[in-house]
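A.B. asks: Here it is, the structure, as structure tokens.
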Amino acid sequence: MDIDALTGCLASSACLVTQTTSGFIIGMLLFLVAVGLTLIFGVLKVVNFSHGAFYMFGAYFAMTAYQFTGSFALAMLCGAAGTALLGLIFERVFMSRVYGSDVLMQLLVCYAFVLIFDDVVRMIWGPEFKSMGMPAAFQVAPLFIAGGVVPPYYLLLIGVALVAAVVLGLGLARTRIGKVIRAAAHNPGMVSALGINTGLIYGGVFALGGMLAGLAGALAAPVRSLTPGMGFSVLIESFIVTVIGGMGSILGALIGAILIGMIRSFGSLGFPLFTEGLMYLFMVIVLVSRPTGLFGKEVA
Amino acid sequence: MTRTRKPGVSRRTTLAMMGAGAVTFATPWVARAQAKTIKVGMPTILSGRVAQLGTSSRNGVMLEIEKVNAAGGLAGRQIEMVIRDSKGQPQEAARVARELVNTDGCEILIDAEASSGAFAVHEVARDLGVLCLHTNSETSALTADPKQHIPNAFRTARQGVHDSIVGGSYAAAIAKAKGLKRWATCSPDYAYGRDTTGEYVTYLKRFAPDTEIISESWPKLFQPDYTEVVTKILQAKPQALYSCLWGGDLTSYIDQANIYALFSQMEVFAVNMADYTALTVVKNLPKGIHSGNRYIKTYPATPENAAWGDAYKAKYNEYPTNWSWENATAIMLLAEASKKANSADGKKIAEALRGLKIKSPFGADGTVTMRAEDQTLVGYAIGWGTTIPQEPYVPQVQAGDWKTIFELEAEWKKSKGYT
């Protein structure tokens with residue numbers, strides 16, 4: 001425990017800027033993965049344990065596209081679009097068959113696909129770790145804001161995640177398709193009786209969830225090593241985020257992700273040997289005081 | 001009464017036929033027994049973030065086994081490798097090791113695990129009494145701590161304290177020359193990371209007493225995100241940073257630290273950088289990182305080492321890693337020990353291994369020795385230099401002096417109560 005380092009940081013604008021940005025970076029990547037997880041749970045009532053694999057595929061798709069085209073924008077697009085397509089296929093061919101099944105069955109199917117997807121990645125890209133590398137446009141000196149260090153790439157990452165959060169939130173709240181999705185989450189039978197193809201909605205939501213995780217993977221690719229199985233640790237943290245925020249709540253995922261990011265960032269200063277534990281401790285405190293999570297009732 | 005011979009086969013003929021049959025059938029059996037392959041089991045990490053290192057361990061072993069088998073195997077018995085994936089998990093490594101011996105019939109274990117798994121395999125070797133060569137774990141305690149010692153386990157990997165003595169004295173010289181007094185450390189939170197960093201700091205301070213550690217970071221092994229670690233180090237504003245992160249963890253860390261321009265703000269000493277695994281994977285390799293040699297074919301600068309690196313590349317289409325040479329050394333030592341003992345029996349090989357000195361492309365003087373007292377490898381080439389972003393990556397390596405290593409290691413063992 002190093003309380004002096006923590007209080008010293010809280011008293012320094014430079015440190016506050018650096019650590020707050022760091023918290024946002026960690027949190028926003030987690031949010032993109034967690035929001036897909038929570039969206040799929042909210043609408044399809046499936047705990048998609050294979051969700052981390054979409055994050056992994058997003059990273060690999062982006063790296064491959066970047067290797068072939070040299071375009072960062074295309075890499076991001078391929079990461080997001082590729083995983084959306086994969087999500088759609090996965091949902092239509094496999095997941096749609098276990099809707100309404102026992103939760104254990106759904107978890108087993110998802111876990112089987114975690115292993116299958118890892119092996120697929122191993123077969124295509126090999127078992128060794130890969131690095132996409134930072135695009136030249138972002139190989140620039142970091143910005144210094146109030147003495148704090150902020151890399152331009154991370155500003156982009158935070159910006160993209162925030163835009164995704166706003167678009168998703170407004171899309172679900174204000175648009176017709178958003179209303180249909182929310183209606184399908186509450187009463188799929190009624191939506192179906194109105195002549196709306198619920199299968200299409202389910203497939204679309206799964207694809208959207210996969211796309212968001214894939215986008216997170218693509219955005220992480222320039223700064224993280226890529227390896228089969230890389231989605232698993234992200235998945236665990238995303239579950240923590242969704243549990244803290246409340247399963248099914250998009251706002252909850254956003255707030256939960258930012259809180260976890262801040263806990264990690266500031267916790268590494270004050271509690272360097274207990275940063276992980278701090279995260280779990282926070283989850284326990286939230287669940288004890290509010291078993292449905294912070295925004296558990298606000299189902300999308 | 002006249003005895004008449006009954007028609008048919010006499011007792012003598014029957015015995016003769018039985019004898020001939022026994023010889024006829026027994027000869028191939030004896031021949032089969034002599035030609036029986038010897039199975040060598042190898043738990044290693046073939047999946048996950050360090051799978052490349054596990055694969056390179058396997059490659060290092062297979063490259064040498066081809067030569068050993070072509071020369072007749074271990075005392076006439078061809079080596080058959082049985083390789084299993086431990087996924088880098090200690091409990092899985094132990095389970096696999098036990099299964100390799102008990103179910104697959106392996107008579108020797110090549111423990112190609114990281115330190116996290118090596119201690120688990122060590123306990124299996126202790127329990128089963130099978131000859132075991134630890135090839136990757138560099139945690140000093142594995143062979144230095146007498147409590148860990150078993151007569152059937154050897155280590156052919158480099159050792160953390162050796163690296164730290166050479167690295168600490170190298171860093172201290174630079175620290176004195178450049179006035180680097182405020183240091184930070186960032187190493188993985190497990191046996192190897194903790195031990196090696198502690199030893200490095202001990203020798204840094206011994207040779208440059210006015211240095212101090214102002215910040216320590218212990219990210220967990222295989223952590224995906226180092227952002228909070230990078231920013232923590234930046235907050236501390238050290239003049240120099242030491243890290244023993246390795247493999248995918250190191251490349252992730254470099255990618256993430258790069259965009260904070262961390263490498264231009266302090267002198268960085270990363271012991272595991274000068275390995276092709278990291279050197280060729282990092283896209284924007286920073287110039288001027290100080291590193292210990294892991295495997296580079298230009299150090300030791302001998303034709304034997306270059307030829308070995310090239311032979312490996314020709315076969316596997318990539319350069320070897322630190323784990324490759326450490327595993328290749330295990331096979332080279334096994335072959336020589338078996339020759340010396342004229343046996344493939346584990347106990348006899350173990351006896352022959354103690355104190356065995358062999359010619360080696362990786363030796364500081366062209367040889368390496370399996371030191372008898374603690375059954376660990378000594379005499380391998382060890383040095384430090386700075387990186388450049390293209391081949392030969394570390395153009396000049398300052399060689400460590402084994403006389404100094406031995407002296408300081410003996411002191412270190414004494415201070416730890418290891419003697």
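Ordering of the structure tokens sets the chain letters (A, B, ...), residue numbers begin anew at 1 in every chain, and ligands are numbered from 1 in the order given.
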I'd like a table as JSON lines: residues in chain A with an atom no more than 6 Å from chain B, each row giving the shortest atom pair and its distance in Å to one decimal, only C-alpha atoms counted, sorted by chain and rising residue number.

C.D. replies:
```
{"residue": "A:Pro127", "atom": "CA", "partner": "B:Ala51", "partner_atom": "CA", "distance": 5.7}
{"residue": "A:Glu128", "atom": "CA", "partner": "B:Gln52", "partner_atom": "CA", "distance": 4.1}
{"residue": "A:Phe129", "atom": "CA", "partner": "B:Arg49", "partner_atom": "CA", "distance": 5.6}
{"residue": "A:Gly133", "atom": "CA", "partner": "B:Lys283", "partner_atom": "CA", "distance": 5.0}
{"residue": "A:Pro142", "atom": "CA", "partner": "B:Tyr260", "partner_atom": "CA", "distance": 5.8}
{"residue": "A:Pro151", "atom": "CA", "partner": "B:Tyr260", "partner_atom": "CA", "distance": 5.8}
{"residue": "A:Val223", "atom": "CA", "partner": "B:Asp255", "partner_atom": "CA", "distance": 5.0}
{"residue": "A:Arg224", "atom": "CA", "partner": "B:Ser252", "partner_atom": "CA", "distance": 4.8}
{"residue": "A:Ser225", "atom": "CA", "partner": "B:Ser252", "partner_atom": "CA", "distance": 5.0}
{"residue": "A:Thr227", "atom": "CA", "partner": "B:Arg49", "partner_atom": "CA", "distance": 5.3}
{"residue": "A:Pro228", "atom": "CA", "partner": "B:Gly48", "partner_atom": "CA", "distance": 5.9}
{"residue": "A:Ser265", "atom": "CA", "partner": "B:Glu228", "partner_atom": "CA", "distance": 5.0}
```

A.B. asks: Using DSSP on the backbone coordinates, identify the residues of stretch 3-200 of chain A assigned to alpha helix (DSSP H); present them as an MDAnalysis selection string.

C.D. replies: chainID A and resid 3:10 13:44 51:69 72:93 103:125 152:174 176:186 188:193 198:200

A.B. asks: Produce a table with one row for each residue of stretch 144-214 of chain A that has an atom at most 12 Å from any atom of stretch 82-103 of chain A, each row naming the nearest atom pair and its distance in Å at one decimal; use only C-alpha atoms; arrange rows by chain and rising residue number; format as a Markdown table.

C.D. replies:
```
| residue | atom | partner | partner_atom | distance |
| --- | --- | --- | --- | --- |
| A:Thr198 | CA | A:Ser96 | CA | 11.0 |
| A:Gly199 | CA | A:Arg92 | CA | 8.1 |
| A:Leu200 | CA | A:Arg92 | CA | 9.0 |
| A:Ile201 | CA | A:Leu88 | CA | 10.4 |
| A:Tyr202 | CA | A:Glu91 | CA | 7.9 |
| A:Gly203 | CA | A:Leu88 | CA | 5.3 |
| A:Gly204 | CA | A:Leu88 | CA | 6.7 |
| A:Val205 | CA | A:Leu88 | CA | 8.5 |
| A:Phe206 | CA | A:Gly87 | CA | 5.7 |
| A:Ala207 | CA | A:Ala84 | CA | 4.3 |
| A:Leu208 | CA | A:Ala84 | CA | 6.0 |
| A:Gly209 | CA | A:Ala84 | CA | 7.6 |
| A:Gly210 | CA | A:Ala84 | CA | 5.2 |
| A:Met211 | CA | A:Ala84 | CA | 4.3 |
| A:Leu212 | CA | A:Ala84 | CA | 8.1 |
| A:Ala213 | CA | A:Thr83 | CA | 7.8 |
| A:Gly214 | CA | A:Thr83 | CA | 5.4 |
```

A.B. asks: Any idea what the distance is between atom CA of A:Met132 and atom CA of A:Gly159?

C.D. replies: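 A separation of 20.9 Å between them.
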
A.B. asks: Write out as a ChimeraX atom specification the residues lying within 6 Å of stretch 57-63 of chain A, counting only C-alpha atoms and excluding same-chain residues fewer than 5 positions away.

C.D. replies: /A:75-76,78-79,83,132,214,217-218,221

A.B. asks: Store the residues picked out above, limited to all heavy atoms, as a tab-separated table (two decimals), in the first residue's frame.

C.D. replies:
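Once everything was written out, this is out_5.tsv:
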```
chain	number	residue	atom	x	y	z
A	75	ALA	N	-8.32	-1.05	-41.58
A	75	ALA	CA	-8.07	-2.09	-40.56
A	75	ALA	C	-9.19	-2.06	-39.51
A	75	ALA	O	-9.72	-3.10	-39.13
A	75	ALA	CB	-6.72	-1.85	-39.90
A	76	MET	N	-9.55	-0.86	-39.08
A	76	MET	CA	-10.62	-0.73	-38.08
A	76	MET	C	-11.94	-1.23	-38.66
A	76	MET	O	-12.71	-1.94	-38.02
A	76	MET	CB	-10.78	0.74	-37.64
A	76	MET	CG	-9.59	1.32	-36.92
A	76	MET	SD	-9.13	0.42	-35.42
A	76	MET	CE	-7.66	-0.43	-35.95
A	78	CYS	N	-12.40	-3.37	-41.10
A	78	CYS	CA	-12.38	-4.84	-41.26
A	78	CYS	C	-12.58	-5.52	-39.91
A	78	CYS	O	-13.27	-6.54	-39.81
A	78	CYS	CB	-11.06	-5.31	-41.87
A	78	CYS	SG	-11.00	-5.03	-43.62
A	79	GLY	N	-11.95	-4.96	-38.88
A	79	GLY	CA	-12.09	-5.54	-37.54
A	79	GLY	C	-13.55	-5.53	-37.11
A	79	GLY	O	-14.07	-6.54	-36.62
A	83	THR	N	-16.18	-8.97	-37.64
A	83	THR	CA	-16.75	-9.62	-36.45
A	83	THR	C	-18.27	-9.52	-36.44
A	83	THR	O	-18.94	-10.40	-35.90
A	83	THR	CB	-16.18	-9.02	-35.15
A	83	THR	OG1	-16.20	-7.61	-35.28
A	83	THR	CG2	-14.79	-9.50	-34.88
A	132	MET	N	0.67	-5.77	-34.35
A	132	MET	CA	0.25	-5.02	-35.54
A	132	MET	C	1.16	-3.81	-35.77
A	132	MET	O	1.50	-3.46	-36.88
A	132	MET	CB	-1.20	-4.55	-35.36
A	132	MET	CG	-1.70	-3.66	-36.48
A	132	MET	SD	-3.46	-3.32	-36.31
A	132	MET	CE	-3.56	-1.67	-37.00
A	214	GLY	N	-15.41	-6.53	-31.67
A	214	GLY	CA	-14.40	-6.54	-32.74
A	214	GLY	C	-13.73	-5.19	-32.88
A	214	GLY	O	-12.51	-5.10	-33.10
A	217	GLY	N	-11.24	-4.87	-30.22
A	217	GLY	CA	-10.04	-5.64	-30.56
A	217	GLY	C	-9.19	-4.91	-31.59
A	217	GLY	O	-7.96	-4.86	-31.49
A	218	ALA	N	-9.86	-4.33	-32.60
A	218	ALA	CA	-9.14	-3.61	-33.65
A	218	ALA	C	-8.42	-2.40	-33.08
A	218	ALA	O	-7.26	-2.12	-33.42
A	218	ALA	CB	-10.11	-3.18	-34.74
A	221	ALA	N	-5.40	-3.55	-31.15
A	221	ALA	CA	-4.37	-4.27	-31.90
A	221	ALA	C	-3.03	-3.52	-32.00
A	221	ALA	O	-1.98	-4.14	-31.87
A	221	ALA	CB	-4.88	-4.63	-33.29
```
